[in-house]
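Working notes for the structure below.
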Amino acid sequence: MDILALIIAIGLGFGLSCWILGRKLDESNNIGDSTGSRFQYSADVHFTVSKDRLSNRDRESFCSDYAKKLEDPYPAVNPSTPVRRLTEKEREEYGVSSAIPMPSEPYEKPDLEGIFGPVE
Amino acid sequence: MATLCRNCGHALVFDPASQKMLCEACGSFFEAEEVESEVKRLRQDLKAESVRDVYGDDADKDMMDCYIYSCSECGGEISVNGTEASTTCIYCGNPNVVFSRISRQKCPEFILPFTISKDEAIRLVHEKIDRGLFIPKAIKEFTPDCVRGIYIPYWIVDADYTNAMVISGQVRNGKSTVTRFYGRAGNMRIRRLPVEGASGLTDESSMKLEPFDLTKLRDFDEDYLSGFYSNVSDITYGDVRSVVNKRALDFFSEAAMQEIRASNKKVANSRPSLCINRDMKYAMLPAWFITFKHKGKSNTILVNGESGKVVCALPWNKVLFFTLLVIIGILATVVSFFALRGLLPVILSSRSKNNGRLLGAIVMGIIVLFATGISKVRRVIKNIVLTQDKAIFDFTKKRQG
C-alpha cells in the first residue's frame with residue numbers, strides 16, 4: 001500500500017510542480033503573447049445552421065450542403081500582384097467609395113439578419 | 001530630404017510626447033500638417049540613383065536592391081533598400097524622408113503617429129522584464145544594442161466570410177467517452193483587420209503587436225516619419241488573402257467551438273469562402289524594435305508605438321527553473337504521500353464501485369498536470385525562437401544610422 005501511495009504521490013507532486021512552474025515561466029518570460037481578438041474587428045459570427053449529433057451521412061454532406069460561396073464583385077487579380085490603393089476611377093467603377101467607413105467614424109454594426117437570413 | 005525648421009534651419013523630427021514637429025536645436029514646435037514647405041514638393045521630384053549607377057560593376061551583390069540619396073543636411077550618402085521610405089543619415093544623424101520614389105498609389109492614406117517615445121519604450125520593457133522570475137539577471141540589466149522606431153506598413157481590410165464546418169468533440173456517455181460531430185454554418189463580417197504589409201517581418205510577430213487604436217489614425221503626412229524609419233508595403237494580393245483567410249478561420253472556429261459543449265474539440269472539415277473588399281486602406285502603424293545580444297544570440301523586443309504593448313519571449317534561467325521544479329516536486333510528493341497513506345487504505349477497503357473511478361481520476365489528473373505544464377514550457381520556447389528570429393533582427397539592424 002505504501003509503495004502505491006508513493007508512486008501516486010510522486011506523480012501528483014511532480015505533476016503539480018510541473019504545472020505551477022510551467023504557468024510561472026509563461027507569466028515571467030512570455031510577454032505580450034496575444035493577438036487582436038475577433039471582437040476588436042467586429043467579427044460577430046452569425047450562424048445560419050446549427051446541427052448537433054451529426055450522423056455519418058450528414059457529416060459527409062454537411063459542408064457541401066450548407067457552404068455558401070461568396071461572389072467576388074471585383075475583377076480577378078493575379079495573386080502575385082503587389083497590393084496597391086485603388087485609383088479614384090477604380091473606386092467609382094467598383095462603387096466602393098463609401099464601402100469602408102473612415103476609421104475615425106464610429107463603427108455601425110451591420111444588420112446581418114437582413115443580409116443572410118435567420119438561423120435554421 | 002529633411003523638413004527644416006523655419007526659425008533656425010535645423011532638421012525637424014516628430015516628437016511623440018507633444019505630437020508635434022520638434023526642432024531639437026532651437027526647441028521650436030510645429031504642427032505636422034502646418035509644415036508646408038518646398039521640401040515636400042521637392043521630394044516628389046527627388047531622384048534616387050541605383051547602387052549600380054553610383055558604383056558601377058564594383059557594387060556589392062548584397063547592395064543591388066539599394067538606392068543612393070544625398071542627405072539634405074550634410075550631403076552624405078544615404079543608402080536605402082527597395083522598401084524603405086525614411087531613414088537617418090549615418091554621418092550627421094539627421095532624419096531623411098525619401099518618399100519621392102513612391103507613387104500616389106503606393107503612398108499611405110493614414111498614419112498612426114508614435115505616442116511612445118524611445119525612452120518610454122525602453123522603460124516599459126524594463127518594467128516588464130524586471131518582474132520576470134525566470135529572466136536571467138544579465139537580460140534584466142541589458143543595454144539595448146540598437147533601438148529603432150519603425151513605421152510598419154499595414155493594409156486595413158474589410159471582408160465577408162462564410163463557412164460550413166464540421167467539428168468533432170468528445171462527450172461522456174454513461175461510463176465511456178464518445179466522439180460526436182457538430183455542424184455549424186454561418187457568416188461574419190470582419191472590419192478594419194490590420195494586415196502587415198512588410199514581407200521582411202513575420203506575421204506571427206507583427207500580429208502580437210495588436211491591437212492598435214485605429215480611431216486615432218490621421219491623414220498621412222510624411223513629416224510624421226521624420227526621425228523614424230519606415231517601410232513601404234511590398235506584399236501581394238495573395239499574401240493579404242492568405243492572412244485574412246487564416247484569421248477569419250480562427251475567428252469563426254473560435255465562435256463555433258464556444259457554442260459546443262464537448263472536450264477535445266477539433267475542426268474535422270470546413271468549406272470557407274472569403275470576399276475581401278478591394279478598397280483596402282493603407283496605413284503606417286508605429287512600433288519600436290529593441291535588439292540586444294545574450295549568449296551570442298540576437299533578441300528583438302517589439303513595443304507597440306501607440307499602446308506601449310511589449311512583445312517578446314526571453315531566454316530563461318534553466319538552473320533556477322529545474323531547481324524549483326525538484327524542490328516543489330519533493331515537497332508536494334511528501335505532502336501527497338502522507339495524505340495518500342492515510343486515505344488509500346480507507347478507499348481501497350470500502351469495496352465500493354467508485355474506487356476504480358477515483359484512482360482513474362487521480363491518474364488522469366496527474367497526466368493533465370504534466371501535459372498543461374509541458375505545453376506552457378513549449379509555448380515559451382516556441383516564442384523565444386520567434387524573438388531570436390534572424391529575419392526580424394535583420395529587419396531592424398540593416399537600417400542605417
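Please note that chains go A, B, ... in the order of the C-alpha cells, that every chain numbers its residues from 1, and that ligands are numbered from 1 in the order shown.
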Residue neighbourhood A:Ile31, 10 Å, only C-alpha atoms, exclusion window fewer than 6 positions, as a list in words: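 The neighbour list is Val125, Lys128, Ile129, Gly132, Lys208, Ile301, Lys309, Val310, Val311, Cys312, Ala313, Leu314, Val380 and Asn383 of chain B.
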For the residues in the current selection, export C-alpha atoms as a CSV table (one decimal), in the first residue's frame.
chain,number,residue,atom,x,y,z
B,125,VAL,CA,10.5,46.9,-21.5
B,128,LYS,CA,8.0,44.1,-17.8
B,129,ILE,CA,11.2,42.1,-17.6
B,132,GLY,CA,10.1,38.1,-14.6
B,208,LYS,CA,1.2,40.2,-31.5
B,301,ILE,CA,11.8,43.0,-28.4
B,309,LYS,CA,2.4,46.8,-25.5
B,310,VAL,CA,5.6,44.9,-25.1
B,311,VAL,CA,6.1,41.7,-27.2
B,312,CYS,CA,8.9,39.2,-26.6
B,313,ALA,CA,9.8,35.8,-25.1
B,314,LEU,CA,13.1,35.8,-23.3
B,380,VAL,CA,7.6,29.8,-24.2
B,383,ASN,CA,8.1,32.2,-28.8
Selection near B:Phe395, 7 Å with only C-alpha atoms, sequence-local residues under 3 positions removed, as number ranges by chain: B: 200-201, 391-392, 398
Report as a Markdown table the residues of chain B within 6 Å of chain A, each with its shortest atom pair and distance in Å (one decimal), using only C-alpha atoms, ordered by chain and increasing residue number.
| residue | atom | partner | partner_atom | distance |
| --- | --- | --- | --- | --- |
| B:Gln105 | CA | A:Arg85 | CA | 5.0 |
| B:Lys106 | CA | A:Arg84 | CA | 5.8 |
| B:Gly132 | CA | A:Ser28 | CA | 4.1 |
| B:Leu133 | CA | A:Ser28 | CA | 5.7 |
| B:Asn163 | CA | A:Ala67 | CA | 5.9 |
| B:Ala164 | CA | A:Ala67 | CA | 4.9 |
| B:Arg180 | CA | A:Arg53 | CA | 5.9 |
| B:Phe181 | CA | A:Leu54 | CA | 5.3 |
| B:Tyr182 | CA | A:Asp52 | CA | 4.5 |
| B:Gly183 | CA | A:Lys51 | CA | 4.9 |
| B:Arg184 | CA | A:Ser50 | CA | 4.8 |
| B:Ala185 | CA | A:Val49 | CA | 4.9 |
| B:Gly186 | CA | A:Phe47 | CA | 4.0 |
| B:Asn187 | CA | A:His46 | CA | 5.4 |
| B:Met188 | CA | A:Val45 | CA | 4.6 |
| B:Arg189 | CA | A:Ala43 | CA | 5.5 |
| B:Ile190 | CA | A:Ala43 | CA | 4.7 |
| B:Arg191 | CA | A:Tyr41 | CA | 4.9 |
| B:Arg192 | CA | A:Tyr41 | CA | 5.9 |
| B:Leu193 | CA | A:Tyr41 | CA | 5.9 |
| B:Met207 | CA | A:Thr35 | CA | 5.5 |
| B:Lys208 | CA | A:Thr35 | CA | 4.6 |
| B:Glu210 | CA | A:Gly36 | CA | 5.2 |
| B:Pro211 | CA | A:Gly36 | CA | 5.2 |
| B:Thr215 | CA | A:Ser104 | CA | 4.5 |
| B:Ile235 | CA | A:Pro82 | CA | 5.5 |
| B:Thr236 | CA | A:Pro82 | CA | 3.9 |
| B:Tyr237 | CA | A:Pro79 | CA | 5.0 |
| B:Gly238 | CA | A:Pro79 | CA | 4.1 |
| B:Phe251 | CA | A:Arg38 | CA | 5.7 |
| B:Arg271 | CA | A:Cys63 | CA | 5.8 |
| B:Ser273 | CA | A:Lys69 | CA | 5.4 |
| B:Cys275 | CA | A:Asp72 | CA | 5.7 |
| B:Val310 | CA | A:Gly32 | CA | 5.7 |
| B:Val311 | CA | A:Gly32 | CA | 4.5 |
| B:Cys312 | CA | A:Ile31 | CA | 5.2 |
| B:Ala313 | CA | A:Asn30 | CA | 4.4 |
| B:Leu314 | CA | A:Asn29 | CA | 5.3 |
| B:Leu325 | CA | A:Ser17 | CA | 5.6 |
| B:Ile328 | CA | A:Ser17 | CA | 5.5 |
| B:Gly329 | CA | A:Phe14 | CA | 4.3 |
| B:Ala332 | CA | A:Gly13 | CA | 4.3 |
| B:Thr333 | CA | A:Gly13 | CA | 4.1 |
| B:Ser336 | CA | A:Ala9 | CA | 4.9 |
| B:Phe337 | CA | A:Ala9 | CA | 4.9 |
| B:Leu340 | CA | A:Ala5 | CA | 5.5 |
| B:Arg341 | CA | A:Ala5 | CA | 5.7 |
| B:Ile366 | CA | A:Leu12 | CA | 5.5 |
| B:Leu369 | CA | A:Gly15 | CA | 5.0 |
| B:Phe370 | CA | A:Gly15 | CA | 4.9 |
| B:Gly373 | CA | A:Trp19 | CA | 4.0 |
| B:Lys376 | CA | A:Gly22 | CA | 5.2 |
| B:Val377 | CA | A:Gly22 | CA | 5.4 |
| B:Val380 | CA | A:Asn30 | CA | 5.7 |
Separation of atom CA of B:Ile374 from atom CA of B:Phe338 in Å: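 About the pair atom CA of B:Phe338 and atom CA of B:Ile374: they are 26.5 Å apart.
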Test item, helix (DSSP H, G or I) assignment across stretch 185-276 of chain B, answer as an MDAnalysis selection string: chainID B and resid 203:207 214:216 222:225 237:259
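A straight line drawn from atom CA of B:Asp389 to atom CA of B:Ala198 is 15.5 Å long.
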Interatomic distance (Å, one decimal) between atom CA of B:Phe289 and atom CA of B:Phe29: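 Between these atoms lies a distance of 26.2 Å.
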B:Leu359 environment, 10 Å, only C-alpha atoms, sequence neighbours closer than 4 positions dropped, as a VMD selection string: (chain A and resid 8) or (chain B and resid 344 347 to 348 354 to 355 363 to 365)
C-alpha atoms of the current selection, written as a tab-separated table (two decimals), in the first residue's frame:
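Written out: result-v1.tsv:
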chain	number	residue	atom	x	y	z
A	8	ILE	CA	0.88	8.20	-6.88
B	344	LEU	CA	-5.69	4.86	0.28
B	347	ILE	CA	-10.65	3.99	-0.13
B	348	LEU	CA	-9.49	0.54	-1.20
B	354	ASN	CA	-16.20	4.06	-7.22
B	355	ASN	CA	-12.72	3.02	-6.07
B	363	VAL	CA	-4.11	9.24	-12.75
B	364	MET	CA	-5.94	11.43	-15.28
B	365	GLY	CA	-5.31	14.46	-13.05
Residue contacts of stretch 144-159 of chain B (7 Å, only C-alpha atoms) excluding same-chain residues fewer than 6 positions away, as a count of residues only: 33
